[in-house]
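Here the structure is laid out as structure tokens; the discussion comes afterwards.
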Amino acid sequence: MMLQSVDEYETKLGVPEGWTRTPTHYCPGCEHGILTRLIATVIEGMGIREKTVMVDSVGCSVLAYEYLNCDHIQAPHGRAPAVMAGVKRTHPELTVFTVQGDGDALAIGLLGTIYAAIRAEPVTVFLYNNSIYGMTGGQMAPTTAVGQVTTTTPYGRDLQKTGNPIDIMKILSQTEGPSYLRRGILAPEPVEAKHGMMYQAKNVLQAKKIIENAFKVQQKGGYSFVEFLGTCNVNWKMTVEESKHFLYDQVAKRYPPGIFRDKLGIEGSPK
Amino acid sequence: MNGRVLLKGNEAIAYGALEAGLNAYFAYPITPSTETPETLAKEFGNSKYPDFKVFLQAASELEAINMTLGAASTGDLAMTATSSPGFSLKQEGISYAVGMEVPFVIVDVNRGGPGLGNLGVEQSDYLQATRGGGHGGYKLIVLAPNSVQEMLSFPKLAFDLAFKYRNPVLILSDAFLGQLKEDIAPNQSANGHNYDISWATLGMKNGQRHVLNSLHLESDSQEKHERHLYQKYVQMRNEVRFEKMDTDDADIVLVSYGITSRICKSAVKTGRENGLRIGLFRPITLNPFPYSQLSILANQGKKLLVVELNTGEMVEDVMLAANGTTRVEQMNRLGGNVPTVADILAKCKEMI
């Protein structure tokens with residue numbers, strides 16, 4: 001299905017009530033917009049939009065309140081898990097979630113991330129891992145690969161100086177608290193086709209399912225943390241196409257998608 | 001609590017908050033403030049306080065203040081208490097709360113010195129407390145109790161003011177007051193509150209979307225927001241509170257708040273018994289500071305002696321109030337030391 005305009009897109013695919021209809025500021029090629037739309041669709045589909053509070057983090061995700069049509073609290077950098085705990089503990093009837101970048105959740109906010117997991121706060125974190133600080137213009141993130149060039153590692157990330165990139169699935173797996181630990185991919189997969197490049201949406205559709213699963217876990221009283229791999233072609237200094245290849249060929253090898261914890265058996269038998 | 005009871009200041013703050021209808025408290029231990037969370041942990045679940053639904057010990061001051069921010073965003077009565085080093089860590093969340101217009105109550109039990117300092121009494125957080133404390137140029141209403149009875153009654157006042165202005169309110173106590181035991185009369189207990197929380201994020205309440213946010217990327221939008229906040233600081237000046245003792249015929253007026261104002265009261269009494277005409281002016285709100293009320297005394301030519309436990313912080317506000325019309329002197333002790341009545345009277349004799 002080729003869609004020529006936004007109007008046609010809206011007519012054919014519908015517009016989720018969870019979207020404010022504000023055009024997003026995300027760079028072309030970025031998957032933040034996909035994530036925003038998927039969340040909007042899921043909270044509408046589950047009928048929870050009017051009982052949801054999104055806690056916005058700091059980074060490219062900060063303007064989510066412009067797009068997602070629900071209540072929002074804009075938290076300080078790295079503090080979304082603590083703010084969510086304050087909301088959820090006082091109002092367990094609300095669905096409470098955040099979208100954080102890897103700088104927000106895994107550098108400045110790592111203590112809050114880990115303690116929310118340890119306490120098994122019944123909230124949901126969607127981590128957008130694009131291996132870089134996007135909003136501030138492409139600095140080294142906790143997830144930047146060894147050797148990767150960023151504006152603060154102009155000669156490549158040095159293992160001796162900065163240590164290894166963080167694998168949050170491994171870290172949170174060491175704690176008993178989480179009910180659902182999941183890694184998925186938000187970017188469509190580039191495939192060679194007869195007439196050039198094509199993109200497969202399989203992982204995007206699975207991402208939607210994962211988002212729904214994460215909210216279901218919260219509804220059952222569990223803590224859910226989902227790490228989504230995404231691209232940042234602008235700060236990776238790549239074309240959109242190159243960035244998708246980089247994500248699938250390199251990032252996804254270092255951070256393999258999968259189910260790391262599924263206590264409630266939301267995706268089948270408990271794990 | 002019935003009849004008169006003997007309580008520490010830090011315990012009284014806890015009961016005062018419960019009687020105000022506290023919903024949520026977020027704790028991080030730090031001496032000399034910890035009796036407040038300990039008392040609240042003990043009372044959690046007590047059927048006398050049905051509104052008190054969350055007590056949680058956080059992993060850091062940063063977590064505690066941001067949990068407070070989250071709980072308060074739902075319109076619940078949320079509080080956190082700390083002491084000076086922890087108060088510094090909480091500035092981030094306080095600055096955000098002002099920008100987002102989220103009301104809650106913070107208690108700072110002022111201890112000694114910069115850095116880790118010591119556990120003794122000081123009033124050295126005065127400028128940090130009254131000038132905002134964090135980034136971005138903002139004001140809190142700052143209440144300074146000087147007795148365990150006020151430690152009990154100020155949380156209710158603090159919540160009233162916080163919700164009236166949608167702005168955090170600070171109760172600035174100190175290591176002495178926190179540990180001081182006095183017998184106090186319990187207040188009437190309150191159940192629930194009638195504050196306007198139409199702004200709260202409770203999930204599209206009344207079909208309305210609510211966004212609590214401190215980000216305004218466009219210059220005009222940010223300026224408009226800051227001018228709106230400034231208008232609130234101007235209105236807060238109506239909340240000024242102070243206490244005067246024997247100032248009418250005084251040659252020297254002691255200016256002091258918190259625990260030192262108690263010592264000054266004794267100094268006024270003893271001084272007058274010995275023929276010294278001394279009075280006391282005690283600011284109860286440190287912000288808004290009672291500039292105009294104090295300037296009346298200064299304009300009458302009364303000499304002012306500022307007694308405070310720092311190297312001279314409130315004296316800046318006293319000099320602003322005096323505006324060069326009278327002599328302003330200081331008496332300061334540090335590190336847990338306090339001036340005695342004899343010290344103060346000796347200084348007064350020098351000034352006459």
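The way I read the labels, and the way they are meant: chains A, B, ... in the order of the structure tokens, residue 1 as the first residue of every chain, and ligand 1 as the first ligand shown, with later ones counted on from there.
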Nearby residues (only C-alpha atoms) at most 12 Å from Glu150 (chain B), same-chain spacing under 6 positions excluded, as a ChimeraX atom specification: /B:7-17,143-144,156-158,171-173,177-178,182-187,258-259,284
Given a cut-off of 10 Å, which residues of chain A touch chain B, counting only C-alpha atoms, written out as a VMD selection string? chain A and resid 48 to 56 62 to 63 65 to 66 69 to 91 93 to 96 109 111 to 112 114 to 116 119
Could you tell me how far CA of Val109 (chain B) lies from CA of Phe281 (chain B), in Å and to one decimal? 22.2 Å
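Here the DSSP assignment of helix (DSSP H, G or I), based on backbone atoms, applies within region 69-129 of chain B to Leu69, Gly70, Ala71, Ala72, Ser73, Ser84, Pro85, Gly86, Phe87, Ser88, Leu89, Lys90, Gln91, Glu92, Gly93, Ile94, Ser95, Tyr96, Ala97, Val98, Gly99, Met100, Tyr126, Leu127, Gln128 and Ala129 of chain B.
Distance-wise, CA of Ala145 (chain A) and CA of Leu106 (chain A) end up 14.4 Å apart.
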One number please: CA of Tyr67 (chain A) to CA of Lys244 (chain A), in Å, one decimal. 24.5 Å
Hey, what's within 9 Å of Pro32 (chain B) if we count only C-alpha atoms and toss same-chain stuff fewer than 6 positions away? As a ChimeraX atom specification, please? /B:10,82-83,109-111,119-120,174-176,178-179
Pull N, CA, C and O atoms from the residues just selected and write them as a PDB file, in the first residue's frame.
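What follows is the written file again17.pdb:
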ATOM      1  N   ASN B  10      11.231  17.356  65.467  1.00  0.00           N
ATOM      2  CA  ASN B  10      11.115  16.533  64.262  1.00  0.00           C
ATOM      3  C   ASN B  10       9.903  15.617  64.312  1.00  0.00           C
ATOM      4  O   ASN B  10       9.294  15.311  63.271  1.00  0.00           O
ATOM      5  N   THR B  82      14.520  16.770  55.178  1.00  0.00           N
ATOM      6  CA  THR B  82      15.929  16.473  55.035  1.00  0.00           C
ATOM      7  C   THR B  82      16.739  17.434  55.889  1.00  0.00           C
ATOM      8  O   THR B  82      16.170  18.241  56.627  1.00  0.00           O
ATOM      9  N   SER B  83      18.047  17.332  55.791  1.00  0.00           N
ATOM     10  CA  SER B  83      18.925  18.300  56.429  1.00  0.00           C
ATOM     11  C   SER B  83      19.908  18.813  55.375  1.00  0.00           C
ATOM     12  O   SER B  83      20.043  18.225  54.308  1.00  0.00           O
ATOM     13  N   VAL B 109      16.103  20.712  57.974  1.00  0.00           N
ATOM     14  CA  VAL B 109      16.597  20.848  59.341  1.00  0.00           C
ATOM     15  C   VAL B 109      18.055  21.274  59.233  1.00  0.00           C
ATOM     16  O   VAL B 109      18.943  20.456  59.025  1.00  0.00           O
ATOM     17  N   ASN B 110      18.259  22.573  59.316  1.00  0.00           N
ATOM     18  CA  ASN B 110      19.572  23.172  59.034  1.00  0.00           C
ATOM     19  C   ASN B 110      20.653  22.663  59.995  1.00  0.00           C
ATOM     20  O   ASN B 110      20.523  22.772  61.214  1.00  0.00           O
ATOM     21  N   ARG B 111      21.705  22.063  59.441  1.00  0.00           N
ATOM     22  CA  ARG B 111      22.848  21.664  60.254  1.00  0.00           C
ATOM     23  C   ARG B 111      24.080  22.488  59.852  1.00  0.00           C
ATOM     24  O   ARG B 111      23.973  23.418  59.075  1.00  0.00           O
ATOM     25  N   LEU B 119      26.811  18.119  62.689  1.00  0.00           N
ATOM     26  CA  LEU B 119      25.412  17.880  63.018  1.00  0.00           C
ATOM     27  C   LEU B 119      24.842  18.966  63.919  1.00  0.00           C
ATOM     28  O   LEU B 119      23.712  18.888  64.370  1.00  0.00           O
ATOM     29  N   GLY B 120      25.663  19.979  64.182  1.00  0.00           N
ATOM     30  CA  GLY B 120      25.229  21.041  65.077  1.00  0.00           C
ATOM     31  C   GLY B 120      24.298  22.023  64.394  1.00  0.00           C
ATOM     32  O   GLY B 120      24.173  22.061  63.169  1.00  0.00           O
ATOM     33  N   ASP B 174      15.872  23.745  62.287  1.00  0.00           N
ATOM     34  CA  ASP B 174      17.315  23.600  62.486  1.00  0.00           C
ATOM     35  C   ASP B 174      17.595  22.440  63.438  1.00  0.00           C
ATOM     36  O   ASP B 174      16.679  21.874  64.037  1.00  0.00           O
ATOM     37  N   ALA B 175      18.878  22.124  63.570  1.00  0.00           N
ATOM     38  CA  ALA B 175      19.283  20.947  64.339  1.00  0.00           C
ATOM     39  C   ALA B 175      18.837  21.049  65.797  1.00  0.00           C
ATOM     40  O   ALA B 175      18.545  20.033  66.436  1.00  0.00           O
ATOM     41  N   PHE B 176      18.763  22.281  66.306  1.00  0.00           N
ATOM     42  CA  PHE B 176      18.356  22.497  67.688  1.00  0.00           C
ATOM     43  C   PHE B 176      16.857  22.241  67.837  1.00  0.00           C
ATOM     44  O   PHE B 176      16.410  21.419  68.652  1.00  0.00           O
ATOM     45  N   GLY B 178      14.869  20.669  65.842  1.00  0.00           N
ATOM     46  CA  GLY B 178      14.514  19.300  65.494  1.00  0.00           C
ATOM     47  C   GLY B 178      14.654  18.351  66.662  1.00  0.00           C
ATOM     48  O   GLY B 178      13.870  17.414  66.827  1.00  0.00           O
ATOM     49  N   GLN B 179      15.686  18.611  67.481  1.00  0.00           N
ATOM     50  CA  GLN B 179      15.966  17.720  68.605  1.00  0.00           C
ATOM     51  C   GLN B 179      15.351  18.210  69.913  1.00  0.00           C
ATOM     52  O   GLN B 179      15.318  17.463  70.900  1.00  0.00           O
TER      53      GLN B 179
END
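Within the 10 Å cut-off around Ile94 (chain B), using only C-alpha atoms and omitting residues fewer than 2 positions from it on the same chain, the listed residues are Ile65, Asn66, Thr68, Leu69, Phe87, Leu89, Lys90, Gln91, Glu92, Tyr96, Ala97, Val98, Gly99, Met100, Val102, Pro103, Phe104, Val105, Ile106, Gly132, Gly133, Gly134, His135, Tyr138, Leu140, Asn167, Pro168, Val169 and Leu170 of chain B.
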Go through B:Ile344, B:Ala250, B:Leu229, B:Ala162 and flag the residue nearest Glu308 (chain B), using only C-alpha atoms for the distances. B:Ile344
Which parts of region 126-347 of chain B does DSSP call strand (DSSP E or B) when run on the backbone here, written out as a PyMOL selection string? chain B and resi 141-143+169-174+181-184+211-212+242-245+252-255+278-283+285-287+303-308+328-332
If we count only C-alpha atoms and set the cut-off at 12 Å, which residues sit around Leu264 (chain A), ignoring sequence neighbours fewer than 4 positions away in its own chain? Please answer as an MDAnalysis selection string. chainID A and resid 178:181 213:214 216:224 268:271
